[in-house]
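Colleague: Take a look at this one; I'll ask things after.
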Amino acid sequence: MRRAVCPGSFDPITNGHLDIISRASRLYDEVYVAVMINKSKKGLFEIEERIELIREVSSEYANVRVEAFHGLLVDFCKQRDIPAIVKGLRAVSDFDYELQMAQMNMGLTGVETLFVPTNPTYSFLSSSLVKEVAAWGGDVSHLVPAQVLEALNKRLGKG
């Protein structure tokens, strides 16, 4: 069975994230979405809320599993026999950082990283940007799935 992981904080998941996950689900038999737990950062959504939102918006992909992880991504991969990490790249600046991570992961455990160019529609999109625009009352309905928009509005006191 061919397995891969799409890691991230997903606070919240965006249409850009979902695009990468859906593309990975067509390439691999099983795709894990690993939701990073960073105890030093307070997210807008709790880990459990992020996991539930990701499960809802990715439910059409029967081969996608969603789990939280804390620590090294390569340990997550090793525990689940996952040989590949799938990452979306928006710009050259993403590549500079992600290449270092990919080389470190390869050196630590031999886990490969597959870079997928982001759909140009989402090339500017990030969770941070979505949260900021939504907090100031901007329309992000075209940037996130409907369930995420509803959760965002509720969290920000707009719905």
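In the structure tokens, the first chain shown is A, the next is B, and so on; residue numbers restart at 1 for each chain, and ligands run from 1 in the order shown.
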Fewer than 4 positions away in the same chain doesn't count, so skip those; otherwise give me all residues within 12 Å of A:Val74, counting only C-alpha atoms, as a PDB file with N, CA and C atoms, in the first residue's frame.

Modeller:
ATOM      1  N   ALA A   4       1.167   8.288   2.130  1.00  0.00           N
ATOM      2  CA  ALA A   4       1.811   9.593   2.205  1.00  0.00           C
ATOM      3  C   ALA A   4       1.148  10.390   3.315  1.00  0.00           C
ATOM      4  N   VAL A   5       1.836  11.460   3.724  1.00  0.00           N
ATOM      5  CA  VAL A   5       1.283  12.347   4.738  1.00  0.00           C
ATOM      6  C   VAL A   5       1.311  13.778   4.226  1.00  0.00           C
ATOM      7  N   PRO A   7       1.278  17.202   6.094  1.00  0.00           N
ATOM      8  CA  PRO A   7       1.341  17.794   7.432  1.00  0.00           C
ATOM      9  C   PRO A   7       1.027  19.292   7.436  1.00  0.00           C
ATOM     10  N   ALA A  34      -1.721  15.075   8.869  1.00  0.00           N
ATOM     11  CA  ALA A  34      -1.140  15.166  10.210  1.00  0.00           C
ATOM     12  C   ALA A  34      -1.267  16.601  10.701  1.00  0.00           C
ATOM     13  N   PHE A  69      -0.451  15.203  15.595  1.00  0.00           N
ATOM     14  CA  PHE A  69       0.887  14.723  15.923  1.00  0.00           C
ATOM     15  C   PHE A  69       1.659  15.795  16.662  1.00  0.00           C
ATOM     16  N   HIS A  70       2.555  15.332  17.489  1.00  0.00           N
ATOM     17  CA  HIS A  70       3.433  16.203  18.269  1.00  0.00           C
ATOM     18  C   HIS A  70       4.833  15.633  18.151  1.00  0.00           C
ATOM     19  N   LYS A  78       7.398   7.088  10.545  1.00  0.00           N
ATOM     20  CA  LYS A  78       7.970   5.788  10.901  1.00  0.00           C
ATOM     21  C   LYS A  78       6.940   4.903  11.600  1.00  0.00           C
ATOM     22  N   GLN A  79       6.178   5.475  12.530  1.00  0.00           N
ATOM     23  CA  GLN A  79       5.176   4.729  13.285  1.00  0.00           C
ATOM     24  C   GLN A  79       4.065   4.174  12.398  1.00  0.00           C
ATOM     25  N   ARG A  80       3.830   4.804  11.259  1.00  0.00           N
ATOM     26  CA  ARG A  80       2.729   4.406  10.375  1.00  0.00           C
ATOM     27  C   ARG A  80       3.215   3.830   9.038  1.00  0.00           C
ATOM     28  N   ASP A  81       4.506   3.618   8.927  1.00  0.00           N
ATOM     29  CA  ASP A  81       5.093   3.086   7.696  1.00  0.00           C
ATOM     30  C   ASP A  81       4.745   3.961   6.485  1.00  0.00           C
ATOM     31  N   ILE A  82       4.959   5.265   6.644  1.00  0.00           N
ATOM     32  CA  ILE A  82       4.685   6.245   5.585  1.00  0.00           C
ATOM     33  C   ILE A  82       6.028   6.689   4.993  1.00  0.00           C
ATOM     34  N   PRO A  83       6.272   6.393   3.712  1.00  0.00           N
ATOM     35  CA  PRO A  83       7.558   6.747   3.111  1.00  0.00           C
ATOM     36  C   PRO A  83       7.619   8.118   2.452  1.00  0.00           C
ATOM     37  N   ALA A  84       6.479   8.845   2.391  1.00  0.00           N
ATOM     38  CA  ALA A  84       6.480  10.099   1.627  1.00  0.00           C
ATOM     39  C   ALA A  84       5.664  11.194   2.310  1.00  0.00           C
ATOM     40  N   ILE A  85       6.197  12.399   2.220  1.00  0.00           N
ATOM     41  CA  ILE A  85       5.532  13.613   2.695  1.00  0.00           C
ATOM     42  C   ILE A  85       5.138  14.408   1.459  1.00  0.00           C
ATOM     43  N   MET A 101      13.900  21.348   5.074  1.00  0.00           N
ATOM     44  CA  MET A 101      13.138  20.363   5.850  1.00  0.00           C
ATOM     45  C   MET A 101      13.181  18.994   5.152  1.00  0.00           C
ATOM     46  N   ALA A 102      12.996  18.986   3.851  1.00  0.00           N
ATOM     47  CA  ALA A 102      13.004  17.737   3.086  1.00  0.00           C
ATOM     48  C   ALA A 102      14.347  17.034   3.202  1.00  0.00           C
ATOM     49  N   GLN A 103      15.425  17.798   3.108  1.00  0.00           N
ATOM     50  CA  GLN A 103      16.753  17.208   3.203  1.00  0.00           C
ATOM     51  C   GLN A 103      17.018  16.669   4.607  1.00  0.00           C
ATOM     52  N   MET A 104      16.550  17.380   5.623  1.00  0.00           N
ATOM     53  CA  MET A 104      16.696  16.906   6.997  1.00  0.00           C
ATOM     54  C   MET A 104      15.903  15.620   7.202  1.00  0.00           C
ATOM     55  N   ASN A 105      14.665  15.586   6.730  1.00  0.00           N
ATOM     56  CA  ASN A 105      13.826  14.397   6.885  1.00  0.00           C
ATOM     57  C   ASN A 105      14.430  13.195   6.164  1.00  0.00           C
ATOM     58  N   MET A 106      14.962  13.432   4.988  1.00  0.00           N
ATOM     59  CA  MET A 106      15.610  12.352   4.232  1.00  0.00           C
ATOM     60  C   MET A 106      16.825  11.847   4.997  1.00  0.00           C
ATOM     61  N   GLY A 107      17.609  12.776   5.526  1.00  0.00           N
ATOM     62  CA  GLY A 107      18.810  12.396   6.267  1.00  0.00           C
ATOM     63  C   GLY A 107      18.505  11.659   7.563  1.00  0.00           C
ATOM     64  N   LEU A 108      17.403  12.019   8.219  1.00  0.00           N
ATOM     65  CA  LEU A 108      17.050  11.377   9.496  1.00  0.00           C
ATOM     66  C   LEU A 108      16.537   9.954   9.314  1.00  0.00           C
ATOM     67  N   THR A 109      15.628   9.773   8.347  1.00  0.00           N
ATOM     68  CA  THR A 109      14.969   8.458   8.249  1.00  0.00           C
ATOM     69  C   THR A 109      14.762   7.960   6.824  1.00  0.00           C
ATOM     70  N   GLY A 110      15.157   8.737   5.833  1.00  0.00           N
ATOM     71  CA  GLY A 110      14.946   8.302   4.452  1.00  0.00           C
ATOM     72  C   GLY A 110      13.562   8.600   3.912  1.00  0.00           C
ATOM     73  N   VAL A 111      12.760   9.368   4.634  1.00  0.00           N
ATOM     74  CA  VAL A 111      11.434   9.734   4.152  1.00  0.00           C
ATOM     75  C   VAL A 111      11.572  10.755   3.027  1.00  0.00           C
ATOM     76  N   GLU A 112      10.936  10.475   1.912  1.00  0.00           N
ATOM     77  CA  GLU A 112      10.972  11.369   0.745  1.00  0.00           C
ATOM     78  C   GLU A 112       9.957  12.482   0.912  1.00  0.00           C
ATOM     79  N   THR A 113      10.220  13.611   0.272  1.00  0.00           N
ATOM     80  CA  THR A 113       9.255  14.705   0.228  1.00  0.00           C
ATOM     81  C   THR A 113       8.917  14.986  -1.223  1.00  0.00           C
TER      82      THR A 113
END

Colleague: Excluding stretch 63-67 of chain A and its own-chain neighbours fewer than 4 positions away, which residues fall within 8 Å of it when counting only C-alpha atoms? Please give them as a VMD selection string.

Modeller: chain A and resid 25 29 to 35 51 54 to 55 58 to 59

Colleague: Can you work out which one of A:Val144, A:Val57, A:Thr118, A:Val133 has the shortest atom-to-atom distance to A:Leu156, counting only C-alpha atoms?

Modeller: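 Smallest separation from A:Leu156 among the options: A:Val133.
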
Colleague: Out of A:Tyr28, A:Trp136, A:Phe76, A:Phe124, which residue has the shortest atom-to-atom distance to A:Ala91 when counting only C-alpha atoms?

Modeller: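 Ranked by minimum distance to A:Ala91, first place goes to A:Phe124.
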
Colleague: Which residue out of A:Ile37, A:Ile21, A:Leu143, A:Met1 has the minimum interatomic distance to A:Ser123 when only C-alpha atoms are used?

Modeller: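 Using only C-alpha atoms, A:Ser123 sits closest to A:Leu143.
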
Colleague: Counting only C-alpha atoms, what is within 8 Å of A:Phe10, bar same-chain residues fewer than 3 positions away, as a PyMOL selection string?

Modeller: chain A and resi 13-14+17+35+50+127

Colleague: Write a file of the just-selected residues containing N, CA and C atoms, as a PDB file, in the first residue's frame.

Modeller:
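again_3.pdb was written with the following content:
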ATOM      1  N   ILE A  13      -8.120  24.915   7.996  1.00  0.00           N
ATOM      2  CA  ILE A  13      -7.870  24.354   6.672  1.00  0.00           C
ATOM      3  C   ILE A  13      -8.471  25.293   5.628  1.00  0.00           C
ATOM      4  N   THR A  14      -7.745  25.485   4.533  1.00  0.00           N
ATOM      5  CA  THR A  14      -8.195  26.365   3.445  1.00  0.00           C
ATOM      6  C   THR A  14      -8.452  25.533   2.190  1.00  0.00           C
ATOM      7  N   HIS A  17      -5.158  24.057   1.015  1.00  0.00           N
ATOM      8  CA  HIS A  17      -4.809  22.793   1.688  1.00  0.00           C
ATOM      9  C   HIS A  17      -5.616  21.637   1.099  1.00  0.00           C
ATOM     10  N   VAL A  35      -2.080  16.782  11.730  1.00  0.00           N
ATOM     11  CA  VAL A  35      -2.334  18.104  12.289  1.00  0.00           C
ATOM     12  C   VAL A  35      -1.340  18.344  13.416  1.00  0.00           C
ATOM     13  N   ARG A  50      -9.919  21.407  14.688  1.00  0.00           N
ATOM     14  CA  ARG A  50      -9.263  21.348  13.373  1.00  0.00           C
ATOM     15  C   ARG A  50      -9.437  19.961  12.756  1.00  0.00           C
ATOM     16  N   SER A 127      -3.465  30.133   6.007  1.00  0.00           N
ATOM     17  CA  SER A 127      -4.400  30.169   7.132  1.00  0.00           C
ATOM     18  C   SER A 127      -4.299  31.496   7.869  1.00  0.00           C
TER      19      SER A 127
END

Colleague: Write out as a PyMOL selection string which residues come within 12 Å of A:Gly157 when counting only C-alpha atoms, dropping same-chain ones fewer than 5 positions away.

Modeller: chain A and resi 134-137+150-152

Colleague: With only C-alpha atoms as the counted atoms, please give the residues lying no more than 12 Å from A:Val116, apart from itself and same-chain residues fewer than 3 positions off, as a PyMOL selection string.

Modeller: chain A and resi 6+16-17+19-24+27+85-91+94-95+98+113+119-120+123

Colleague: Take the residues from that selection and put them in a file with C-alpha atoms, as a PDB file, in the first residue's frame.

Modeller:
ATOM      1  CA  CYS A   6       0.179  15.963   4.284  1.00  0.00           C
ATOM      2  CA  GLY A  16      -5.464  25.485  -0.917  1.00  0.00           C
ATOM      3  CA  HIS A  17      -4.809  22.793   1.688  1.00  0.00           C
ATOM      4  CA  ASP A  19      -6.530  21.007  -3.107  1.00  0.00           C
ATOM      5  CA  ILE A  20      -3.193  19.442  -2.086  1.00  0.00           C
ATOM      6  CA  ILE A  21      -4.935  16.759  -0.004  1.00  0.00           C
ATOM      7  CA  SER A  22      -7.294  15.846  -2.847  1.00  0.00           C
ATOM      8  CA  ARG A  23      -4.429  15.631  -5.337  1.00  0.00           C
ATOM      9  CA  ALA A  24      -2.408  13.457  -2.949  1.00  0.00           C
ATOM     10  CA  LEU A  27      -1.710   9.529  -6.125  1.00  0.00           C
ATOM     11  CA  ILE A  85       5.532  13.613   2.695  1.00  0.00           C
ATOM     12  CA  VAL A  86       3.447  15.696   0.280  1.00  0.00           C
ATOM     13  CA  LYS A  87       3.834  19.472   0.552  1.00  0.00           C
ATOM     14  CA  GLY A  88       2.316  22.242  -1.518  1.00  0.00           C
ATOM     15  CA  LEU A  89       4.593  25.043  -2.701  1.00  0.00           C
ATOM     16  CA  ARG A  90       3.138  28.501  -3.269  1.00  0.00           C
ATOM     17  CA  ALA A  91       6.282  30.447  -4.100  1.00  0.00           C
ATOM     18  CA  ASP A  94       8.322  28.253   0.347  1.00  0.00           C
ATOM     19  CA  PHE A  95      10.838  26.158  -1.564  1.00  0.00           C
ATOM     20  CA  GLU A  98      10.803  23.300   2.556  1.00  0.00           C
ATOM     21  CA  THR A 113       9.255  14.705   0.228  1.00  0.00           C
ATOM     22  CA  ASN A 119      -2.998  25.659  -7.948  1.00  0.00           C
ATOM     23  CA  PRO A 120      -2.451  29.293  -9.075  1.00  0.00           C
ATOM     24  CA  SER A 123      -0.917  30.763  -4.651  1.00  0.00           C
TER      25      SER A 123
END

Colleague: Any chance you could list, as a ChimeraX atom specification, the residues in chain A that come up strand (DSSP E or B) when DSSP is run on the backbone?

Modeller: /A:3-8,30-36,64-69,84-89,112-117

Colleague: Residues of stretch 29-61 of chain A classed as alpha helix (DSSP H) by DSSP on the backbone are to be reported as a list in words.

Modeller: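 Secondary structure check on stretch 29-61 of chain A, alpha helix (DSSP H): Ile47, Glu48, Glu49, Arg50, Ile51, Glu52, Leu53, Ile54, Arg55, Glu56 and Val57 of chain A.
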
Colleague: Generate a file of the selected residues that holds N, CA and C atoms, formatted as an mmCIF file, in the first residue's frame.

Modeller:
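Writing the result to part.cif gives the following:
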data_model
loop_
_atom_site.group_PDB
_atom_site.id
_atom_site.type_symbol
_atom_site.label_atom_id
_atom_site.label_comp_id
_atom_site.auth_asym_id
_atom_site.auth_seq_id
_atom_site.Cartn_x
_atom_site.Cartn_y
_atom_site.Cartn_z
ATOM 1 N N ILE A 47 -7.044 21.761 18.580
ATOM 2 C CA ILE A 47 -6.646 20.637 17.715
ATOM 3 C C ILE A 47 -7.851 19.772 17.342
ATOM 4 N N GLU A 48 -8.682 19.446 18.312
ATOM 5 C CA GLU A 48 -9.844 18.591 18.061
ATOM 6 C C GLU A 48 -10.800 19.238 17.052
ATOM 7 N N GLU A 49 -10.942 20.566 17.140
ATOM 8 C CA GLU A 49 -11.811 21.277 16.201
ATOM 9 C C GLU A 49 -11.225 21.232 14.792
ATOM 10 N N ARG A 50 -9.919 21.407 14.688
ATOM 11 C CA ARG A 50 -9.263 21.348 13.373
ATOM 12 C C ARG A 50 -9.437 19.961 12.756
ATOM 13 N N ILE A 51 -9.216 18.946 13.576
ATOM 14 C CA ILE A 51 -9.352 17.571 13.077
ATOM 15 C C ILE A 51 -10.762 17.327 12.578
ATOM 16 N N GLU A 52 -11.757 17.748 13.349
ATOM 17 C CA GLU A 52 -13.151 17.551 12.951
ATOM 18 C C GLU A 52 -13.468 18.299 11.657
ATOM 19 N N LEU A 53 -13.009 19.545 11.535
ATOM 20 C CA LEU A 53 -13.239 20.307 10.304
ATOM 21 C C LEU A 53 -12.583 19.625 9.104
ATOM 22 N N ILE A 54 -11.359 19.157 9.284
ATOM 23 C CA ILE A 54 -10.656 18.488 8.168
ATOM 24 C C ILE A 54 -11.388 17.209 7.785
ATOM 25 N N ARG A 55 -11.837 16.452 8.770
ATOM 26 C CA ARG A 55 -12.599 15.227 8.464
ATOM 27 C C ARG A 55 -13.867 15.555 7.686
ATOM 28 N N GLU A 56 -14.550 16.610 8.089
ATOM 29 C CA GLU A 56 -15.782 17.006 7.389
ATOM 30 C C GLU A 56 -15.507 17.380 5.944
ATOM 31 N N VAL A 57 -14.515 18.252 5.727
ATOM 32 C CA VAL A 57 -14.297 18.769 4.371
ATOM 33 C C VAL A 57 -13.557 17.788 3.468
#

Colleague: With distances taken over only C-alpha atoms, which residue among A:Val130, A:Leu114, A:Met36, A:Leu18 lies nearest A:Leu73?

Modeller: A:Met36

Colleague: So, with only C-alpha atoms as the atoms that count, which of A:Tyr61, A:Leu72, A:Arg3, A:Ser9 lies closest to A:Phe45?

Modeller: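 Closest to A:Phe45, using only C-alpha atoms: A:Ser9.
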
Colleague: Atom CA of A:Lys131 and atom CA of A:Gln100 are how many Å apart?

Modeller: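 Result for atom CA of A:Lys131 versus atom CA of A:Gln100: 27.3 Å, one decimal.
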